[in-house]
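**Student:** One file is attached below, data18.cif, containing mmCIF, C-alpha atoms and all ligand atoms.
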```cif
data_protein
#
loop_
_atom_site.label_atom_id
_atom_site.label_comp_id
_atom_site.auth_asym_id
_atom_site.auth_seq_id
_atom_site.Cartn_x
_atom_site.Cartn_y
_atom_site.Cartn_z
CA MET A 23 101.48 -51.19 -24.78
CA ASP A 24 103.15 -51.69 -28.14
CA LYS A 25 105.08 -48.52 -29.06
CA ASP A 26 104.53 -49.07 -32.80
CA ARG A 27 100.77 -49.13 -32.53
CA LYS A 28 98.40 -46.18 -32.59
CA LEU A 29 96.24 -45.52 -29.56
CA ILE A 30 92.47 -45.84 -29.43
CA PHE A 31 90.32 -44.34 -26.69
CA SER A 32 86.60 -44.72 -26.21
CA GLY A 33 84.04 -44.57 -23.42
CA ILE A 34 80.45 -45.44 -22.65
CA GLN A 35 78.07 -44.15 -19.98
CA PRO A 36 76.75 -46.59 -17.39
CA THR A 37 73.13 -45.55 -17.65
CA GLY A 38 71.47 -48.97 -17.83
CA THR A 39 72.00 -51.80 -20.29
CA PHE A 40 73.52 -50.81 -23.64
CA THR A 41 71.19 -50.38 -26.57
CA LEU A 42 71.59 -52.00 -29.95
CA GLY A 43 72.63 -48.47 -31.05
CA ASN A 44 75.52 -48.38 -28.56
CA TYR A 45 76.52 -51.84 -29.70
CA ILE A 46 76.36 -51.38 -33.47
CA GLY A 47 77.60 -47.76 -33.50
CA ALA A 48 80.52 -48.25 -31.14
CA VAL A 49 81.10 -51.23 -28.83
CA ARG A 50 80.94 -53.91 -31.55
CA ASN A 51 84.08 -52.38 -33.08
CA TRP A 52 86.01 -52.27 -29.85
CA LYS A 53 86.84 -55.99 -29.93
CA PRO A 54 88.49 -56.23 -33.40
CA LEU A 55 90.37 -52.95 -32.85
CA GLN A 56 92.26 -54.61 -30.00
CA GLU A 57 94.17 -56.68 -32.54
CA GLU A 58 95.71 -53.67 -34.29
CA TYR A 59 95.82 -50.84 -31.78
CA ASN A 60 96.67 -50.08 -28.18
CA CYS A 61 93.16 -49.71 -26.80
CA VAL A 62 91.98 -47.81 -23.76
CA TYR A 63 88.30 -48.25 -22.92
CA CYS A 64 86.42 -46.67 -20.08
CA VAL A 65 83.07 -46.76 -18.28
CA VAL A 66 82.41 -43.04 -17.85
CA ASP A 67 80.59 -42.82 -14.53
CA MET A 68 81.67 -39.19 -14.04
CA HIS A 69 79.85 -38.24 -17.24
CA ALA A 70 76.74 -40.06 -16.04
CA ILE A 71 76.21 -37.78 -13.02
CA THR A 72 75.60 -34.77 -15.28
CA VAL A 73 71.99 -35.97 -15.03
CA ARG A 74 70.54 -37.08 -11.68
CA GLN A 75 71.42 -40.66 -10.77
CA ASP A 76 70.34 -42.87 -7.92
CA PRO A 77 73.72 -43.69 -6.25
CA ILE A 78 72.86 -47.34 -5.67
CA LYS A 79 71.76 -47.82 -9.27
CA LEU A 80 74.76 -45.95 -10.64
CA ARG A 81 77.15 -48.24 -8.76
CA GLN A 82 75.28 -51.30 -10.06
CA ASN A 83 75.07 -49.96 -13.61
CA THR A 84 78.78 -49.18 -13.61
CA MET A 85 79.68 -52.73 -12.59
CA ASN A 86 77.23 -54.10 -15.16
CA ALA A 87 78.61 -51.88 -17.92
CA TYR A 88 82.12 -53.07 -17.09
CA ALA A 89 81.07 -56.74 -17.24
CA LEU A 90 79.05 -56.12 -20.39
CA LEU A 91 82.05 -54.64 -22.21
CA MET A 92 83.98 -57.77 -21.34
CA ALA A 93 81.07 -59.90 -22.53
CA CYS A 94 81.19 -57.96 -25.83
CA GLY A 95 84.79 -59.05 -26.27
CA VAL A 96 86.87 -56.32 -24.64
CA ASP A 97 89.72 -58.28 -23.12
CA PRO A 98 91.36 -56.65 -20.08
CA GLN A 99 94.57 -58.52 -20.93
CA LYS A 100 94.71 -56.88 -24.35
CA SER A 101 93.22 -53.47 -23.56
CA ILE A 102 93.23 -51.09 -20.63
CA LEU A 103 89.64 -51.34 -19.37
CA PHE A 104 88.74 -49.19 -16.38
CA ILE A 105 86.21 -47.02 -14.56
CA GLN A 106 86.63 -43.29 -15.12
CA SER A 107 86.28 -42.13 -11.49
CA HIS A 108 89.16 -44.43 -10.50
CA VAL A 109 91.64 -42.39 -12.51
CA ARG A 110 92.06 -38.85 -11.23
CA THR A 111 93.97 -37.51 -14.25
CA HIS A 112 90.70 -37.17 -16.19
CA ALA A 113 89.29 -34.58 -13.77
CA GLU A 114 92.66 -32.88 -13.41
CA LEU A 115 93.15 -32.43 -17.14
CA SER A 116 89.53 -31.44 -17.56
CA TRP A 117 90.09 -28.34 -15.41
CA ILE A 118 93.04 -27.21 -17.49
CA LEU A 119 91.21 -27.83 -20.74
CA SER A 120 88.15 -25.96 -19.46
CA CYS A 121 90.39 -22.89 -19.10
CA ASN A 122 91.15 -23.32 -22.81
CA THR A 123 87.56 -23.78 -23.96
CA GLN A 124 85.21 -20.95 -24.84
CA PHE A 125 81.74 -20.50 -23.40
CA GLY A 126 80.49 -19.87 -26.95
CA GLU A 127 81.74 -23.16 -28.35
CA LEU A 128 80.18 -25.16 -25.50
CA SER A 129 76.87 -23.30 -26.03
CA ARG A 130 76.73 -24.64 -29.58
CA MET A 131 76.78 -28.32 -28.56
CA THR A 132 73.54 -29.88 -29.76
CA GLN A 133 73.60 -32.56 -27.06
CA PHE A 134 73.74 -29.85 -24.39
CA LYS A 135 70.78 -28.08 -26.00
CA ASP A 136 68.77 -31.36 -26.13
CA LYS A 137 69.64 -32.47 -22.62
CA SER A 138 69.05 -29.09 -21.04
CA GLN A 139 65.58 -29.11 -22.55
CA ARG A 140 64.90 -32.64 -21.32
CA HIS A 141 66.24 -31.87 -17.83
CA ALA A 142 65.08 -28.26 -17.56
CA ASP A 143 65.03 -28.41 -13.74
CA ASP A 144 68.71 -29.31 -13.55
CA VAL A 145 70.80 -27.50 -16.14
CA ASN A 146 73.97 -27.89 -14.08
CA ALA A 147 77.48 -26.71 -14.94
CA GLY A 148 78.64 -30.30 -15.44
CA LEU A 149 76.09 -30.82 -18.19
CA PHE A 150 77.49 -27.72 -19.88
CA THR A 151 81.17 -28.64 -19.52
CA TYR A 152 80.59 -32.35 -20.27
CA PRO A 153 82.46 -32.16 -23.64
CA VAL A 154 85.53 -30.77 -21.86
CA LEU A 155 85.69 -33.86 -19.64
CA MET A 156 85.27 -35.96 -22.77
CA ALA A 157 88.18 -34.08 -24.40
CA ALA A 158 90.24 -34.77 -21.25
CA ASP A 159 89.41 -38.49 -21.45
CA ILE A 160 90.84 -38.62 -24.94
CA LEU A 161 93.74 -36.19 -24.63
CA ALA A 162 95.02 -37.67 -21.33
CA TYR A 163 96.17 -40.61 -23.47
CA ASN A 164 97.05 -38.61 -26.58
CA ALA A 165 94.69 -40.91 -28.48
CA ASP A 166 94.95 -41.11 -32.28
CA LEU A 167 91.51 -42.58 -32.94
CA VAL A 168 88.15 -42.52 -31.18
CA PRO A 169 85.54 -45.12 -32.21
CA VAL A 170 82.08 -43.59 -31.66
CA GLY A 171 78.64 -43.28 -33.22
CA ILE A 172 77.81 -40.19 -35.24
CA ASP A 173 76.11 -38.43 -32.29
CA GLN A 174 79.53 -37.93 -30.65
CA LYS A 175 81.13 -36.34 -33.71
CA GLN A 176 80.51 -32.78 -32.59
CA HIS A 177 82.06 -33.48 -29.18
CA LEU A 178 85.08 -34.94 -30.90
CA GLU A 179 85.46 -31.87 -33.08
CA LEU A 180 85.43 -29.77 -29.93
CA ALA A 181 88.17 -31.98 -28.45
CA ARG A 182 90.26 -31.37 -31.56
CA ASN A 183 89.71 -27.61 -31.39
CA VAL A 184 90.67 -27.48 -27.72
CA ALA A 185 93.78 -29.58 -28.38
CA GLN A 186 94.75 -27.32 -31.26
CA ARG A 187 94.26 -24.18 -29.17
CA PHE A 188 96.37 -25.66 -26.37
CA ASN A 189 99.09 -26.53 -28.86
CA GLN A 190 99.08 -22.98 -30.23
CA ARG A 191 99.34 -21.46 -26.75
CA TYR A 192 101.83 -23.79 -25.15
CA GLY A 193 103.63 -25.47 -28.06
CA GLU A 194 102.85 -28.66 -30.01
CA PHE A 195 101.86 -31.35 -27.55
CA PHE A 196 98.49 -33.02 -28.03
CA THR A 197 97.73 -35.41 -30.88
CA LEU A 198 94.59 -34.31 -32.73
CA PRO A 199 92.24 -37.29 -32.33
CA GLU A 200 90.39 -38.61 -35.38
CA PRO A 201 86.86 -39.97 -35.18
CA TYR A 202 86.44 -43.63 -36.17
CA ILE A 203 82.84 -43.85 -37.31
CA PRO A 204 81.47 -46.92 -39.13
CA ASP A 205 80.05 -46.43 -42.66
CA VAL A 206 76.91 -48.39 -41.81
CA GLY A 207 75.31 -48.33 -38.35
CA ALA A 208 76.79 -45.04 -37.09
CA LYS A 209 73.28 -43.94 -36.20
CA VAL A 210 70.82 -46.69 -35.37
CA MET A 211 67.32 -45.23 -35.36
CA SER A 212 64.34 -45.78 -33.08
CA LEU A 213 62.17 -48.73 -34.16
CA GLN A 214 59.06 -46.66 -33.49
CA GLU A 215 60.10 -43.28 -34.91
CA PRO A 216 62.84 -44.07 -37.42
CA THR A 217 63.77 -40.41 -37.92
CA LYS A 218 64.96 -40.29 -34.29
CA LYS A 219 68.09 -41.89 -32.83
CA MET A 220 67.59 -45.13 -30.88
CA SER A 221 68.08 -44.17 -27.26
CA LYS A 222 67.59 -45.82 -23.88
CA SER A 223 65.82 -42.68 -22.63
CA ASP A 224 62.96 -43.28 -25.11
CA GLU A 225 59.66 -43.59 -23.25
CA ASN A 226 58.34 -46.25 -25.62
CA PRO A 227 60.07 -49.55 -24.73
CA ASN A 228 59.36 -50.91 -28.23
CA ALA A 229 61.56 -48.19 -29.75
CA CYS A 230 64.77 -49.59 -28.41
CA ILE A 231 66.47 -53.00 -28.32
CA LEU A 232 68.57 -53.58 -25.21
CA ILE A 233 71.43 -55.96 -25.72
CA LEU A 234 70.31 -58.10 -22.77
CA ASP A 235 66.72 -58.42 -24.07
CA ASP A 236 65.71 -62.07 -24.53
CA LYS A 237 65.00 -63.58 -27.94
CA ASP A 238 61.20 -63.30 -27.73
CA THR A 239 61.37 -59.65 -26.69
CA ILE A 240 63.79 -58.81 -29.51
CA ILE A 241 61.63 -60.52 -32.13
CA ARG A 242 58.45 -58.89 -30.78
CA LYS A 243 60.05 -55.42 -30.92
CA PHE A 244 61.24 -55.94 -34.50
CA LYS A 245 57.82 -57.26 -35.55
CA ARG A 246 56.32 -54.01 -34.28
CA ALA A 247 58.90 -51.81 -35.99
CA VAL A 248 57.38 -48.91 -37.92
CA THR A 249 58.01 -49.15 -41.69
CA ASP A 250 56.08 -47.70 -44.67
CA SER A 251 53.13 -48.57 -46.87
CA GLU A 252 55.22 -50.12 -49.67
CA SER A 253 56.39 -53.72 -49.71
CA GLU A 254 59.83 -53.75 -51.34
CA VAL A 255 62.84 -54.33 -49.10
CA CYS A 256 65.33 -51.84 -50.55
CA TYR A 257 67.43 -48.94 -49.31
CA ARG A 258 65.94 -45.72 -50.61
CA GLU A 259 65.42 -42.14 -49.42
CA GLY A 260 62.17 -41.76 -47.51
CA LYS A 261 62.09 -45.40 -46.37
CA ASP A 262 63.53 -44.55 -42.95
CA GLY A 263 62.15 -47.59 -41.13
CA ILE A 264 63.32 -50.10 -43.77
CA ASN A 265 66.66 -48.32 -44.20
CA ASN A 266 67.23 -48.66 -40.47
CA LEU A 267 66.34 -52.37 -40.45
CA MET A 268 68.56 -52.95 -43.48
CA SER A 269 71.48 -51.21 -41.78
CA ILE A 270 71.00 -53.30 -38.63
CA TYR A 271 70.72 -56.52 -40.64
CA SER A 272 73.73 -55.61 -42.75
CA THR A 273 76.02 -54.90 -39.77
CA ILE A 274 74.95 -58.07 -37.98
CA THR A 275 75.12 -60.47 -40.95
CA GLY A 276 77.85 -58.77 -43.02
CA LYS A 277 75.55 -58.78 -46.09
CA ASP A 278 75.45 -55.67 -48.29
CA PHE A 279 72.24 -53.85 -49.22
CA ASP A 280 71.98 -55.42 -52.72
CA SER A 281 72.16 -58.95 -51.42
CA ILE A 282 69.59 -58.15 -48.72
CA THR A 283 67.25 -56.79 -51.40
CA SER A 284 67.62 -59.97 -53.47
CA GLU A 285 67.23 -62.19 -50.41
CA PHE A 286 63.82 -60.65 -49.71
CA ALA A 287 62.63 -60.10 -53.29
CA GLY A 288 59.00 -61.17 -53.51
CA LYS A 289 58.68 -61.51 -49.75
CA GLY A 290 56.88 -59.07 -47.47
CA TYR A 291 58.07 -56.81 -44.67
CA GLY A 292 56.82 -59.40 -42.14
CA ASP A 293 59.41 -61.97 -43.29
CA PHE A 294 62.13 -59.35 -43.31
CA LYS A 295 61.36 -58.09 -39.80
CA LEU A 296 61.37 -61.65 -38.47
CA ALA A 297 64.73 -62.36 -40.13
CA VAL A 298 66.25 -59.18 -38.64
CA GLY A 299 64.87 -60.06 -35.20
CA GLU A 300 66.26 -63.59 -35.36
CA ALA A 301 69.66 -62.50 -36.63
CA VAL A 302 70.00 -59.88 -33.89
CA ALA A 303 68.77 -62.23 -31.13
CA ASP A 304 71.13 -65.03 -32.22
CA HIS A 305 74.03 -62.61 -32.45
CA LEU A 306 73.41 -61.23 -28.95
CA GLU A 307 72.77 -64.60 -27.29
CA PRO A 308 76.44 -65.42 -26.48
CA ILE A 309 76.88 -61.92 -25.04
CA ARG A 310 73.94 -62.48 -22.69
CA THR A 311 75.33 -65.83 -21.59
CA GLU A 312 78.82 -64.47 -21.01
CA PHE A 313 77.43 -61.46 -19.14
CA ALA A 314 75.47 -63.74 -16.80
CA ARG A 315 78.61 -65.74 -16.09
CA LEU A 316 80.91 -62.75 -15.57
CA SER A 317 78.58 -60.70 -13.43
CA LYS A 318 78.51 -63.45 -10.83
CA ASP A 319 82.27 -63.28 -10.46
CA LYS A 320 82.60 -59.97 -8.59
CA ALA A 321 86.11 -60.76 -7.31
CA TYR A 322 87.42 -61.26 -10.85
CA LEU A 323 85.74 -58.06 -12.06
CA ARG A 324 87.29 -56.14 -9.15
CA GLU A 325 90.70 -57.53 -10.01
CA CYS A 326 90.27 -56.45 -13.65
CA TYR A 327 89.07 -52.91 -12.97
CA THR A 328 91.70 -52.31 -10.27
CA ASP A 329 94.44 -53.40 -12.62
CA GLY A 330 92.91 -51.36 -15.47
CA ALA A 331 92.83 -48.21 -13.33
CA GLU A 332 96.45 -48.67 -12.28
CA LYS A 333 97.58 -48.96 -15.89
CA ALA A 334 95.41 -46.05 -17.01
CA LEU A 335 96.76 -43.81 -14.26
CA LYS A 336 100.34 -44.72 -15.02
CA TYR A 337 99.90 -43.93 -18.71
CA SER A 338 97.88 -40.73 -18.37
CA GLN A 339 99.91 -39.41 -15.45
CA ARG A 340 102.96 -39.01 -17.66
CA ILE A 341 100.97 -36.93 -20.11
CA VAL A 342 99.10 -34.84 -17.55
CA SER A 343 102.23 -34.01 -15.56
CA LYS A 344 103.79 -32.66 -18.77
CA VAL A 345 100.68 -30.54 -19.25
CA TYR A 346 101.10 -29.19 -15.69
CA ARG A 347 104.64 -28.12 -16.54
CA LYS A 348 103.56 -26.57 -19.81
CA VAL A 349 100.95 -24.34 -18.20
CA GLY A 350 103.43 -23.19 -15.55
CA PHE A 351 102.52 -25.15 -12.41
CA VAL A 352 105.41 -25.62 -9.98
CA ASP A 353 106.85 -29.17 -9.81
CA LYS A 354 105.88 -31.02 -6.63
CA THR A 355 109.19 -32.79 -6.26
P1 LIG B 1 77.06 -42.91 -24.87
O1 LIG B 1 77.25 -43.61 -23.57
O2 LIG B 1 75.82 -42.09 -25.04
O3 LIG B 1 77.13 -43.92 -26.05
C1 LIG B 1 78.20 -44.85 -26.20
C2 LIG B 1 78.52 -45.02 -27.67
O4 LIG B 1 77.37 -45.47 -28.37
C3 LIG B 1 77.14 -44.65 -29.52
N1 LIG B 1 75.69 -44.59 -29.77
C4 LIG B 1 75.12 -44.88 -30.95
N2 LIG B 1 75.64 -45.27 -32.12
C5 LIG B 1 74.78 -45.53 -33.13
N3 LIG B 1 73.43 -45.39 -33.02
C6 LIG B 1 72.86 -45.00 -31.87
N4 LIG B 1 71.54 -44.91 -31.79
C7 LIG B 1 73.72 -44.72 -30.76
N5 LIG B 1 73.49 -44.34 -29.48
C8 LIG B 1 74.71 -44.25 -28.90
C9 LIG B 1 77.72 -43.30 -29.12
O5 LIG B 1 78.03 -42.52 -30.25
C10 LIG B 1 78.94 -43.70 -28.33
O6 LIG B 1 80.03 -43.94 -29.19
N6 LIG B 1 80.03 -38.92 -24.40
C11 LIG B 1 80.01 -40.33 -24.73
C12 LIG B 1 80.87 -41.17 -23.83
C13 LIG B 1 82.28 -40.70 -23.72
C14 LIG B 1 83.28 -40.89 -24.71
C15 LIG B 1 84.45 -40.30 -24.14
C16 LIG B 1 83.30 -41.48 -25.96
C17 LIG B 1 82.83 -40.05 -22.66
N7 LIG B 1 84.14 -39.80 -22.92
C18 LIG B 1 85.65 -40.28 -24.86
C19 LIG B 1 84.52 -41.47 -26.67
C20 LIG B 1 85.66 -40.86 -26.12
C21 LIG B 1 78.57 -40.83 -24.58
O7 LIG B 1 77.78 -40.25 -23.88
O8 LIG B 1 78.34 -42.01 -25.19
#
```
Could you take the file, read its structure, and then write that structure out as structure tokens?

**Tutor:**
Amino acid sequence: MDKDRKLIFSGIQPTGTFTLGNYIGAVRNWKPLQEEYNCVYCVVDMHAITVRQDPIKLRQNTMNAYALLMACGVDPQKSILFIQSHVRTHAELSWILSCNTQFGELSRMTQFKDKSQRHADDVNAGLFTYPVLMAADILAYNADLVPVGIDQKQHLELARNVAQRFNQRYGEFFTLPEPYIPDVGAKVMSLQEPTKKMSKSDENPNACILILDDKDTIIRKFKRAVTDSESEVCYREGKDGINNLMSIYSTITGKDFDSITSEFAGKGYGDFKLAVGEAVADHLEPIRTEFARLSKDKAYLRECYTDGAEKALKYSQRIVSKVYRKVGFVDKT
């Protein structure tokens, strides 16, 4: 860790392959950030069990998510890359922060409201206190910046509020983490209902691109994307489907909206959808190849996540033991 660099923390749930939304909104940025910041990245398996998981699948998905982050360019030599349940400080700090979080503020979390409706038979306490664990993830490292998609903004605001409250009660200690949200692509929308966020829990498989989908599947899904009854490729209010495709195309190719509009002037939506599909498939191809290679090498993955957990514990332990002192726990030694 370079003392002169700011610290980045981010996490992703291991609930199946990442979506194009996860990739564009968050993970894509994790690689370049490694060059300028101290980065700590985490597969948050403890968050995942707030909804029912098959234990065998969770273990597999966690390993896959770890390998997939590496395939997306997270380098365990440059960053601390680990699995959340391997590092006990997250749960320890979460308890202390939960005693500094109000029932009322957790009740206002829109993701809790959505998920408790979707999983009405299992509105467990973990689902409710989920944002406190997320605050602990971030604050255990005193992170400066948190790269996420827009759907995590409210959770991040809660983390800031909890940190601020702790600082008022016990004296300045936690850094208030700032969100790092991309200008374009912070909310990739469903290809079938472009007013809804793209999500892996969508029942319609055509709504969502998975980053391990093969080229034909990706192109087929884009061809079926819902658009509008006009024919001009331009970014304008009310053209949710086209706006979404333009944002995806722009983040993948680096072209701005004006140049995309000129590129497709006089052409139809069919040509545009095909071009987006091809650009996305070609962009994801090396990730798929690298994932296939890495996921065969279990011993290497184990080495990486064991080392990552050791480093993460060492770093966060220093911070969490200071928190223990601050709240008045007796020193063990
Ligand atoms: P998760 O696993 O749902 O999503 C991982 C990241 O992907 C982003 N994302 C999207 N971005 C754009 N468009 C979309 N359609 C889209 N869908 C998902 C999310 O914003 C997120 O950045 N609670 C977090 C995981 C977490 C975390 C943390 C993140 C746990 N602790 C600490 C940052 C810091 C979550 O469930 O993300």

**Student:** All residues within 9 Å of ligand LIG 1 (chain B) are required, counting only C-alpha atoms and all ligand atoms; please report them as a PyMOL selection string.

**Tutor:** chain A and resi 31-37+40-49+63-70+106+152-153+155-160+168-175+177-178+201+203+207-212+218-222+230

**Student:** Find the residues around Met131 (chain A) up to 9 Å (only C-alpha atoms counted), leave out those fewer than 4 positions away in its own chain, and share them as a list in words.

**Tutor:**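 Near Met131 (chain A), the qualifying residues are Glu127, Lys135, Asp136, Phe150, Pro153, Gln176, His177 and Leu180 of chain A.
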
**Student:** State, in Å with one decimal place, the distance from CA of Val298 (chain A) to CA of Cys256 (chain A).

**Tutor:**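 Here the two named atoms are 14.0 Å from each other.
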
**Student:** Using CA of Cys61 (chain A) and CA of Ser101 (chain A) as the two end points, give the distance in Å to one decimal.

**Tutor:** 5.0 Å

**Student:** Using only C-alpha atoms, can you tell me which of A:Lys261, A:Lys320, A:Lys344, A:Arg74 comes closest to Leu115 (chain A)?

**Tutor:**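 Looking only at the distances to Leu115 (chain A), the closest residue turns out to be A:Lys344.
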
**Student:** Show me, as a PyMOL selection string, the residues that have an atom within 8 Å of Thr197 (chain A) when counting all atoms listed in the file, minus same-chain residues fewer than 3 positions from it.

**Tutor:** chain A and resi 161+164-166+185

**Student:** Which residues are near Pro227 (chain A)? Cut-off 12 Å, only C-alpha atoms, ignore same chain within fewer than 5 positions. Put them as a compact mmCIF listing (two decimals) with C-alpha atoms, keeping the file's coordinate frame.

**Tutor:**
```txt
# COMPACT_ATOMS: atom_id res chain seq x y z
CA THR A 41 71.19 -50.38 -26.57
CA SER A 212 64.34 -45.78 -33.08
CA LEU A 213 62.17 -48.73 -34.16
CA GLN A 214 59.06 -46.66 -33.49
CA GLU A 215 60.10 -43.28 -34.91
CA MET A 220 67.59 -45.13 -30.88
CA SER A 221 68.08 -44.17 -27.26
CA LYS A 222 67.59 -45.82 -23.88
CA LEU A 232 68.57 -53.58 -25.21
CA ASP A 235 66.72 -58.42 -24.07
CA THR A 239 61.37 -59.65 -26.69
CA ILE A 240 63.79 -58.81 -29.51
CA ARG A 242 58.45 -58.89 -30.78
CA LYS A 243 60.05 -55.42 -30.92
CA PHE A 244 61.24 -55.94 -34.50
CA ARG A 246 56.32 -54.01 -34.28
CA ALA A 247 58.90 -51.81 -35.99
```

**Student:** Closest to Asp97 (chain A) among A:Phe125, A:Tyr192, A:Trp52, A:Tyr337, using all atoms listed in the file?

**Tutor:**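 Of A:Phe125, A:Tyr192, A:Trp52, A:Tyr337, the one nearest Asp97 (chain A) is A:Trp52, counting all atoms listed in the file.
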
**Student:** Write out as a PyMOL selection string which residues come within 6 Å of Ala93 (chain A) when counting all atoms listed in the file, dropping same-chain ones fewer than 5 positions away.

**Tutor:** chain A and resi 309+312-313

**Student:** Choose the residue, out of A:Gln99, A:Ser116, A:Thr111, A:Ser343, that has the smallest atom-to-atom separation from Tyr327 (chain A); count all atoms listed in the file.

**Tutor:**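 Closest to Tyr327 (chain A) of all the choices is A:Gln99.
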
**Student:** Excluding same-chain residues fewer than 3 positions from Asp238 (chain A), what lies within 12 Å of it counting only C-alpha atoms, as a PyMOL selection string?

**Tutor:** chain A and resi 231+234-235+241-245+296+299-300+302-304+307

**Student:** Could the residues in this selection be written to a file with C-alpha atoms, as an mmCIF file, in the frame of the given file?

**Tutor:**
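Written out: part.cif:
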```cif
data_model
loop_
_atom_site.group_PDB
_atom_site.id
_atom_site.type_symbol
_atom_site.label_atom_id
_atom_site.label_comp_id
_atom_site.auth_asym_id
_atom_site.auth_seq_id
_atom_site.Cartn_x
_atom_site.Cartn_y
_atom_site.Cartn_z
ATOM 1 C CA ILE A 231 66.470 -53.000 -28.320
ATOM 2 C CA LEU A 234 70.310 -58.100 -22.770
ATOM 3 C CA ASP A 235 66.720 -58.420 -24.070
ATOM 4 C CA ILE A 241 61.630 -60.520 -32.130
ATOM 5 C CA ARG A 242 58.450 -58.890 -30.780
ATOM 6 C CA LYS A 243 60.050 -55.420 -30.920
ATOM 7 C CA PHE A 244 61.240 -55.940 -34.500
ATOM 8 C CA LYS A 245 57.820 -57.260 -35.550
ATOM 9 C CA LEU A 296 61.370 -61.650 -38.470
ATOM 10 C CA GLY A 299 64.870 -60.060 -35.200
ATOM 11 C CA GLU A 300 66.260 -63.590 -35.360
ATOM 12 C CA VAL A 302 70.000 -59.880 -33.890
ATOM 13 C CA ALA A 303 68.770 -62.230 -31.130
ATOM 14 C CA ASP A 304 71.130 -65.030 -32.220
ATOM 15 C CA GLU A 307 72.770 -64.600 -27.290
#
```

**Student:** For Cys94 (chain A), which of A:Ser251, A:Gln82, A:Asn51, A:Gln339 is the closest residue, counting only C-alpha atoms?

**Tutor:** A:Asn51

**Student:** So how far away is CA of Tyr163 (chain A) from CA of Thr39 (chain A), in Å?

**Tutor:**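 Straight-line distance from CA of Thr39 (chain A) to CA of Tyr163 (chain A) works out to 26.8 Å.
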